[in-house]
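Participant: So I've got this file, start13.txt, and it contains compact mmCIF, C-alpha atoms:
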```txt
# COMPACT_ATOMS: atom_id res chain seq x y z
CA HIS A 1 101.37 101.41 115.28
CA ILE A 2 97.81 101.58 113.89
CA LEU A 3 96.30 101.74 117.38
CA LYS A 4 98.73 104.47 118.45
CA THR A 5 98.00 106.54 115.34
CA LEU A 6 94.23 106.35 115.80
CA ALA A 7 94.52 107.16 119.51
CA THR A 8 96.68 110.20 118.77
CA MET A 9 94.28 111.49 116.09
CA ILE A 10 91.33 111.19 118.48
CA ALA A 11 93.19 112.82 121.36
CA LEU A 12 94.20 115.75 119.18
CA THR A 13 90.55 116.68 118.73
CA GLY A 14 90.23 117.20 122.48
CA LEU A 15 86.90 115.37 122.46
CA ILE A 16 87.98 112.36 124.49
CA PRO A 17 90.41 112.39 127.45
CA ARG A 18 93.57 110.35 126.96
CA HIS A 19 92.88 108.18 130.00
CA ILE A 20 89.62 107.01 128.37
CA LEU A 21 91.44 106.28 125.11
CA ARG A 22 93.98 104.17 126.96
CA ALA A 23 91.12 102.17 128.41
CA GLY A 24 89.30 101.94 125.06
CA SER A 25 89.61 98.21 124.69
CA ARG A 26 88.24 97.72 128.23
CA VAL A 27 85.21 100.00 128.13
CA GLY A 28 83.65 98.03 125.27
CA LEU A 29 82.55 100.92 123.09
CA ASN A 30 81.96 98.74 120.10
CA LEU A 31 78.68 100.50 119.39
CA VAL A 32 77.35 98.63 116.40
CA ARG A 33 79.56 95.66 115.68
CA ASP A 34 76.63 93.26 115.85
CA LEU A 35 74.86 95.21 113.10
CA SER A 36 77.57 94.74 110.48
CA GLY A 37 76.79 91.16 109.57
CA SER A 38 74.11 91.83 106.99
CA SER A 39 72.41 94.66 105.17
CA GLY A 40 69.13 92.82 105.57
CA THR A 41 67.31 94.32 102.59
CA ASP A 42 69.34 93.67 99.44
CA GLY A 43 67.21 92.36 96.61
CA ALA A 44 64.06 92.35 98.73
CA LYS A 45 60.93 94.35 98.04
CA ASN A 46 60.73 95.81 101.55
CA GLU A 47 59.15 99.19 102.10
CA THR A 48 62.10 100.55 104.08
CA ILE A 49 65.88 100.31 103.90
CA ASP A 50 68.80 101.54 105.95
CA PHE A 51 70.21 105.00 105.36
CA GLY A 52 72.95 104.92 107.93
CA PHE A 53 71.23 103.99 111.17
CA LYS A 54 67.91 105.40 109.98
CA GLU A 55 65.20 103.44 108.21
CA VAL A 56 63.85 105.30 105.19
CA PRO A 57 61.43 104.43 102.38
CA ARG A 58 63.31 102.26 99.90
CA THR A 59 62.46 104.58 97.03
CA ASN A 60 64.01 107.53 98.88
CA LYS A 61 67.48 106.16 99.52
CA GLN A 62 68.94 106.94 96.10
CA ASN A 63 67.95 110.60 96.36
CA LEU A 64 69.26 110.87 99.91
CA VAL A 65 72.60 109.40 98.90
CA ALA A 66 72.69 111.77 95.92
CA GLN A 67 72.26 114.73 98.26
CA VAL A 68 75.16 113.50 100.40
CA PHE A 69 77.59 113.21 97.50
CA SER A 70 76.46 116.42 95.81
CA SER A 71 77.27 118.15 99.07
CA VAL A 72 80.69 116.56 99.67
CA ALA A 73 81.91 116.44 96.04
CA PRO A 74 84.11 119.59 96.12
CA SER A 75 85.97 118.44 99.25
CA TYR A 76 85.76 114.67 98.66
CA ASP A 77 89.44 114.07 97.87
CA VAL A 78 90.71 116.33 100.66
CA MET A 79 88.43 114.61 103.17
CA ASN A 80 89.68 111.19 102.06
CA ASP A 81 93.21 112.27 102.91
CA MET A 82 92.18 113.77 106.23
CA MET A 83 89.98 110.88 107.35
CA SER A 84 92.46 108.14 106.49
CA GLY A 85 95.72 109.98 107.09
CA GLY A 86 96.56 109.23 103.45
CA LEU A 87 96.04 105.48 103.85
CA HIS A 88 93.37 105.47 101.12
CA ARG A 89 96.13 106.11 98.57
CA ILE A 90 98.01 103.00 99.66
CA TRP A 91 94.82 100.93 99.64
CA LYS A 92 93.95 102.07 96.10
CA ASN A 93 97.47 101.37 94.87
CA MET A 94 97.20 97.85 96.28
CA LEU A 95 93.88 97.34 94.48
CA VAL A 96 95.34 98.38 91.12
CA GLU A 97 98.44 96.24 91.65
CA SER A 98 96.16 93.26 92.33
CA LEU A 99 94.13 94.04 89.19
CA ARG A 100 97.33 93.85 87.10
CA PRO A 101 96.23 96.10 84.19
CA PHE A 102 97.45 95.03 80.74
CA ALA A 103 97.87 96.56 77.29
CA GLY A 104 94.60 97.12 75.46
CA GLN A 105 92.46 96.52 78.55
CA ARG A 106 88.87 97.80 78.63
CA HIS A 107 88.03 98.82 82.19
CA LEU A 108 84.88 100.11 83.91
CA ASP A 109 85.13 101.93 87.24
CA VAL A 110 81.66 102.26 88.78
CA ALA A 111 80.91 104.80 91.50
CA GLY A 112 84.19 106.19 90.17
CA GLY A 113 83.41 109.74 91.26
CA THR A 114 86.49 111.89 91.15
CA GLY A 115 88.50 109.34 89.18
CA ASP A 116 90.98 108.38 91.87
CA VAL A 117 90.97 104.68 90.96
CA ALA A 118 90.20 105.04 87.25
CA PHE A 119 93.20 107.32 86.69
CA ARG A 120 95.48 104.82 88.40
CA VAL A 121 94.15 102.02 86.19
CA LEU A 122 94.51 104.06 82.98
CA ARG A 123 98.08 105.02 83.82
CA ALA A 124 98.91 101.37 84.49
CA ILE A 125 97.35 100.36 81.16
CA ARG A 126 99.38 103.02 79.31
CA GLN A 127 102.48 101.79 81.12
CA ALA A 128 101.77 98.24 79.94
CA GLU A 129 101.24 99.45 76.38
CA ALA A 130 104.50 101.37 76.41
CA GLU A 131 106.32 98.26 77.59
CA ALA A 132 104.68 96.18 74.89
CA LEU A 133 105.61 98.77 72.26
CA SER A 134 109.20 98.86 73.47
CA THR A 135 109.42 95.08 73.42
CA ALA A 136 108.00 95.01 69.88
CA GLY A 137 110.98 97.03 68.66
CA ARG A 138 113.45 94.29 69.62
CA PRO A 139 114.45 91.69 67.01
CA GLY A 140 112.36 88.53 67.03
CA THR A 141 109.57 89.88 69.25
CA ARG A 142 105.95 90.75 68.64
CA THR A 143 103.61 92.96 70.60
CA SER A 144 101.28 91.15 72.96
CA ALA A 145 98.02 92.54 74.28
CA SER A 146 98.93 91.30 77.73
CA SER A 147 102.50 92.55 77.94
CA PRO A 148 103.58 94.55 81.03
CA SER A 149 105.39 98.02 80.62
CA PRO A 150 108.03 100.79 81.54
CA SER A 151 106.89 104.20 80.35
CA ALA A 152 103.54 105.70 79.52
CA ALA A 153 105.21 108.42 77.46
CA SER A 154 105.44 106.17 74.39
CA ALA A 155 102.07 104.45 74.79
CA PRO A 156 99.76 104.24 71.75
CA GLY A 157 97.91 107.48 71.29
CA ALA A 158 100.69 109.46 73.01
CA GLY A 159 102.17 110.74 69.74
CA GLN A 160 105.11 108.35 69.53
CA PRO A 161 105.90 106.44 66.27
CA ARG A 162 105.70 102.64 66.34
CA PRO A 163 108.78 100.60 65.54
CA GLN A 164 108.67 99.19 62.02
CA GLY A 165 107.13 95.74 61.89
CA ALA A 166 105.47 96.02 65.28
CA THR A 167 101.99 94.57 65.62
CA PRO A 168 99.63 97.54 66.33
CA ILE A 169 98.25 97.75 69.84
CA SER A 170 94.64 98.77 70.27
CA PRO A 171 94.83 101.31 73.11
CA GLY A 172 92.97 100.40 76.26
CA THR A 173 90.07 102.43 77.59
CA VAL A 174 88.77 103.37 81.02
CA VAL A 175 85.22 104.51 81.73
CA VAL A 176 84.44 106.42 84.92
CA CYS A 177 80.79 105.77 85.73
CA ASP A 178 78.97 107.51 88.58
CA ILE A 179 75.36 108.28 89.37
CA ASN A 180 76.24 111.74 90.67
CA PRO A 181 77.02 114.46 88.10
CA HIS A 182 78.77 116.64 90.70
CA MET A 183 81.26 113.87 91.48
CA LEU A 184 81.85 113.32 87.76
CA GLU A 185 82.49 117.01 87.26
CA GLU A 186 85.19 116.92 89.93
CA GLY A 187 86.74 113.98 88.09
CA ARG A 188 86.70 115.82 84.77
CA LYS A 189 88.44 118.80 86.38
CA LYS A 190 91.17 116.57 87.78
CA ALA A 191 91.70 114.85 84.44
CA ALA A 192 91.86 118.18 82.58
CA ALA A 193 94.54 119.37 85.01
CA ALA A 194 96.72 116.25 84.56
CA PRO A 195 99.05 116.52 81.52
CA ASP A 196 99.04 112.77 80.88
CA LEU A 197 95.25 112.48 81.07
CA ALA A 198 93.91 115.69 79.54
CA ALA A 199 94.35 114.57 75.93
CA ASP A 200 93.88 110.84 76.45
CA THR A 201 90.92 109.83 74.30
CA GLY A 202 90.74 106.48 76.09
CA LEU A 203 89.28 108.12 79.21
CA SER A 204 85.56 108.87 79.39
CA PHE A 205 83.00 109.87 82.01
CA VAL A 206 79.48 108.45 81.99
CA GLU A 207 76.58 109.15 84.33
CA GLY A 208 74.98 105.87 85.33
CA ASN A 209 73.39 103.84 88.12
CA ALA A 210 75.30 100.73 89.26
CA GLU A 211 71.99 98.86 89.54
CA SER A 212 71.20 99.27 85.84
CA LEU A 213 73.77 100.06 83.15
CA PRO A 214 71.91 99.81 79.82
CA GLN A 215 74.47 102.09 78.18
CA PHE A 216 77.00 99.23 78.31
CA ALA A 217 76.61 96.10 76.22
CA ASN A 218 76.86 92.56 77.54
CA SER A 219 80.41 91.21 77.85
CA SER A 220 82.07 94.52 76.97
CA PHE A 221 84.73 95.02 79.68
CA ASP A 222 87.81 93.09 80.78
CA SER A 223 87.56 94.39 84.33
CA TYR A 224 85.20 96.21 86.68
CA THR A 225 86.01 98.03 89.91
CA ILE A 226 83.80 99.68 92.51
CA VAL A 227 85.64 101.37 95.37
CA PHE A 228 83.94 102.76 98.49
CA GLY A 229 80.71 102.88 96.54
CA ILE A 230 78.66 99.72 96.76
CA ARG A 231 77.59 100.29 100.35
CA ASN A 232 75.68 103.36 99.10
CA VAL A 233 73.75 101.35 96.49
CA THR A 234 70.13 100.56 97.31
CA ASP A 235 70.00 97.14 95.63
CA ARG A 236 73.53 95.77 95.90
CA GLN A 237 72.60 92.41 94.43
CA ALA A 238 71.29 94.12 91.30
CA ALA A 239 74.58 96.04 91.02
CA LEU A 240 76.56 92.80 91.32
CA ARG A 241 74.44 91.18 88.60
CA GLU A 242 75.08 94.17 86.31
CA ALA A 243 78.80 93.88 86.97
CA TYR A 244 78.64 90.25 85.92
CA ARG A 245 76.64 91.10 82.78
CA VAL A 246 78.98 93.78 81.44
CA LEU A 247 82.15 91.76 82.01
CA LYS A 248 83.60 89.59 79.26
CA PRO A 249 84.03 85.86 79.96
CA GLY A 250 87.20 85.67 82.04
CA GLY A 251 86.69 89.25 83.20
CA ARG A 252 87.48 90.27 86.76
CA PHE A 253 85.32 92.03 89.34
CA MET A 254 87.06 93.88 92.19
CA CYS A 255 85.44 95.77 95.04
CA MET A 256 87.16 97.68 97.80
CA GLU A 257 84.94 98.69 100.67
CA PHE A 258 85.08 99.50 104.36
CA SER A 259 84.39 96.30 106.24
CA ALA A 260 84.26 94.62 109.65
CA VAL A 261 87.40 95.29 111.72
CA GLN A 262 88.91 91.99 112.82
CA GLN A 263 91.57 93.11 115.29
CA ALA A 264 90.52 93.46 118.94
CA GLY A 265 91.41 96.85 120.37
CA LEU A 266 91.61 98.40 116.92
CA ARG A 267 87.88 97.82 116.56
CA GLU A 268 87.06 99.88 119.65
CA LEU A 269 89.45 102.69 118.75
CA TYR A 270 88.14 102.71 115.19
CA ASP A 271 84.59 103.17 116.49
CA LEU A 272 85.69 106.02 118.74
CA TYR A 273 87.54 107.68 115.90
CA SER A 274 84.78 107.14 113.33
CA PHE A 275 81.86 108.41 115.38
CA ASN A 276 83.63 111.34 117.03
CA VAL A 277 86.40 112.56 114.73
CA ILE A 278 85.16 111.95 111.18
CA PRO A 279 81.88 113.91 111.53
CA LEU A 280 83.86 116.68 113.23
CA LEU A 281 86.30 116.82 110.29
CA GLY A 282 83.34 116.83 107.91
CA GLY A 283 81.93 119.87 109.67
CA LEU A 284 85.23 121.72 109.75
CA ILE A 285 86.49 120.95 106.23
CA ALA A 286 83.39 120.20 104.16
CA ASN A 287 80.96 122.24 106.25
CA ASP A 288 78.76 119.15 106.34
CA ARG A 289 78.89 117.11 109.53
CA GLU A 290 75.62 115.29 108.81
CA SER A 291 76.81 113.74 105.52
CA TYR A 292 79.90 112.32 107.18
CA GLN A 293 77.81 111.01 110.05
CA TYR A 294 75.82 109.07 107.44
CA LEU A 295 79.02 107.79 105.78
CA VAL A 296 80.28 106.46 109.12
CA GLU A 297 76.96 104.80 109.89
CA SER A 298 76.72 103.29 106.39
CA ILE A 299 80.00 101.46 107.00
CA ARG A 300 78.56 99.75 110.08
CA LYS A 301 75.47 98.65 108.13
CA PHE A 302 77.46 97.06 105.33
CA PRO A 303 77.76 93.23 105.30
CA ASP A 304 80.90 91.68 106.76
CA GLN A 305 83.57 90.11 104.56
CA GLU A 306 82.14 86.57 104.41
CA THR A 307 78.57 87.74 103.85
CA PHE A 308 79.54 90.05 101.01
CA ALA A 309 81.67 87.30 99.42
CA GLY A 310 78.53 85.14 99.40
CA MET A 311 76.58 87.91 97.67
CA ILE A 312 79.25 88.12 94.95
CA GLU A 313 78.99 84.35 94.42
CA ASP A 314 75.20 84.61 94.26
CA ALA A 315 75.62 87.03 91.33
CA GLY A 316 77.41 84.29 89.39
CA PHE A 317 81.09 85.03 90.04
CA LYS A 318 83.61 82.22 90.56
CA GLY A 319 86.89 82.13 92.43
CA VAL A 320 85.61 84.70 94.91
CA SER A 321 88.12 85.78 97.52
CA PHE A 322 88.92 88.72 99.76
CA ILE A 323 91.86 90.19 101.62
CA ASN A 324 91.73 92.44 104.67
CA LEU A 325 93.74 95.65 104.81
CA THR A 326 94.63 97.52 107.99
CA GLY A 327 93.08 94.96 110.31
CA GLY A 328 89.86 94.68 108.30
CA ILE A 329 89.05 98.40 108.20
CA VAL A 330 89.01 97.84 104.44
CA ALA A 331 88.58 94.63 102.42
CA ILE A 332 89.27 93.95 98.75
CA HIS A 333 86.90 91.38 97.21
CA SER A 334 87.63 89.72 93.89
CA GLY A 335 85.70 87.41 91.57
CA PHE A 336 85.78 86.19 87.97
CA LYS A 337 83.18 85.70 85.27
CA LEU A 338 83.93 82.14 84.16
```
Would you mind writing the structure in this file as structure tokens?
Facilitator:
Amino acid sequence: HILKTLATMIALTGLIPRHILRAGSRVGLNLVRDLSGSSGTDGAKNETIDFGFKEVPRTNKQNLVAQVFSSVAPSYDVMNDMMSGGLHRIWKNMLVESLRPFAGQRHLDVAGGTGDVAFRVLRAIRQAEAEALSTAGRPGTRTSASSPSPSAASAPGAGQPRPQGATPISPGTVVVCDINPHMLEEGRKKAAAAPDLAADTGLSFVEGNAESLPQFANSSFDSYTIVFGIRNVTDRQAALREAYRVLKPGGRFMCMEFSAVQQAGLRELYDLYSFNVIPLLGGLIANDRESYQYLVESIRKFPDQETFAGMIEDAGFKGVSFINLTGGIVAIHSGFKL
């Protein structure tokens, strides 16, 4: 089903004849698979670093990435839907379900941009708090900070009275952190337009660099997510160390990122789709083909699943694991500060 969907999307562009698509797995158009095993420069003091398939001065990459995301910010969410056929929504839901948000949780979403993941986490926290509050109203029960939940409408801070005798819940908080102010502005607009988020004082937006987060104290968050962002970071190992620092003992790190496709046949079609269709969509919808060409190339330069898991362990995390989604197009990595 995945192969058929990708083939259809490519054929609809008219760029590649259908008979070539049908032979995709035979022609061997896996253009850069052998490059995806390692980023090659993380944590090193090299003079150059990859920016897509280009090598640029290491000190220039952050500004180049900033230009990309400043350009695509207004159309970022629409392009995510178009590029993935809506699959990104399912992937993000799976990430949040795996995170298992709880009442009173303090969460940091880095490279959070337009708030897509952060809003999901906050809503799940409010749901857990509403459940805990409801449970507290029953005879012989007390509110627990880790209780699950049915309705965000009665969550703490939502204007609902607490049952008498209930233990107060300290409302959870979610911080959206991103290095790009244009992406943050899009997130603020989305939050302001959402009735359940507009007045929620537990949601905040902070401009910050994943490699250095001095605005956050040591051991201050229960959980940390970074979704489709770490491949754009210049020093990924530094970002992983910062994630470890800001998490509380027992805190959980989760990263969702495009990864190395594992399924034969899908890999070749995915390359055809990525290099031909995605930049075309970027030009048509975002009026910026070049930025989406970089985004496609940056995926191929990112470490594969096992290599990145090793980097997370090197930062100090324990119990590191990953799961592949959609044949390895995306992987969710997880680790704990123990």
Participant: So, counting all atoms listed in the file, which residue among A:Met82, A:Asp222, A:Glu47, A:Asp109 is closest to Leu280 of chain A?
Facilitator: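 Of A:Met82, A:Asp222, A:Glu47, A:Asp109, the one nearest Leu280 of chain A, counting all atoms listed in the file, is A:Met82.
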Participant: So, with only C-alpha atoms as the atoms that count, which of A:Ala130, A:Val176, A:Leu281, A:Ala118 lies closest to Ala103 of chain A?
Facilitator: A:Ala130
Participant: Quick one: residues within 7 Å of segment 53-63 of chain A, all atoms listed in the file, excluding same-chain residues fewer than 4 positions away - as a compact mmCIF listing (two decimals) with C-alpha atoms, keeping the file's coordinate frame?
Facilitator:
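Saved the output as around39.txt:
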```txt
# COMPACT_ATOMS: atom_id res chain seq x y z
CA GLU A 47 59.15 99.19 102.10
CA THR A 48 62.10 100.55 104.08
CA ILE A 49 65.88 100.31 103.90
CA GLN A 67 72.26 114.73 98.26
CA THR A 234 70.13 100.56 97.31
CA GLU A 297 76.96 104.80 109.89
```
Participant: Please, which residues are within 6 Å of (84.9, 100.0, 83.3) by the file's coordinates, counting only C-alpha atoms, and could they come as a VMD selection string?
Facilitator: chain A and resid 107 to 109 174 to 175 224
Participant: How would you write as a ChimeraX atom specification the residues that get within 12 Å of (97.7, 112.4, 81.2) in the file's frame, counting all atoms listed in the file?
Facilitator: /A:119-120,122-124,126-127,152-153,155,157-158,190-203
Participant: Quick one: everything within 8 Å of Phe322 of chain A, counting only C-alpha atoms, minus sequence neighbours fewer than 3 positions away in the same chain. Send it as a PyMOL selection string.
Facilitator: chain A and resi 305+309+331-334
Participant: Set the distance at 10 Å and use only C-alpha atoms: which residues neighbour Pro74 of chain A once local chain neighbours fewer than 6 positions away are removed? I'd like the list as a PyMOL selection string.
Facilitator: chain A and resi 114+182-183+185-186+286
Participant: Out of A:Gly335, A:Gly208, A:Pro279, A:Gly310, which residue has the shortest atom-to-atom distance to Leu247 of chain A when counting only C-alpha atoms?
Facilitator: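 Counting only C-alpha atoms, the residue closest to Leu247 of chain A is A:Gly335.
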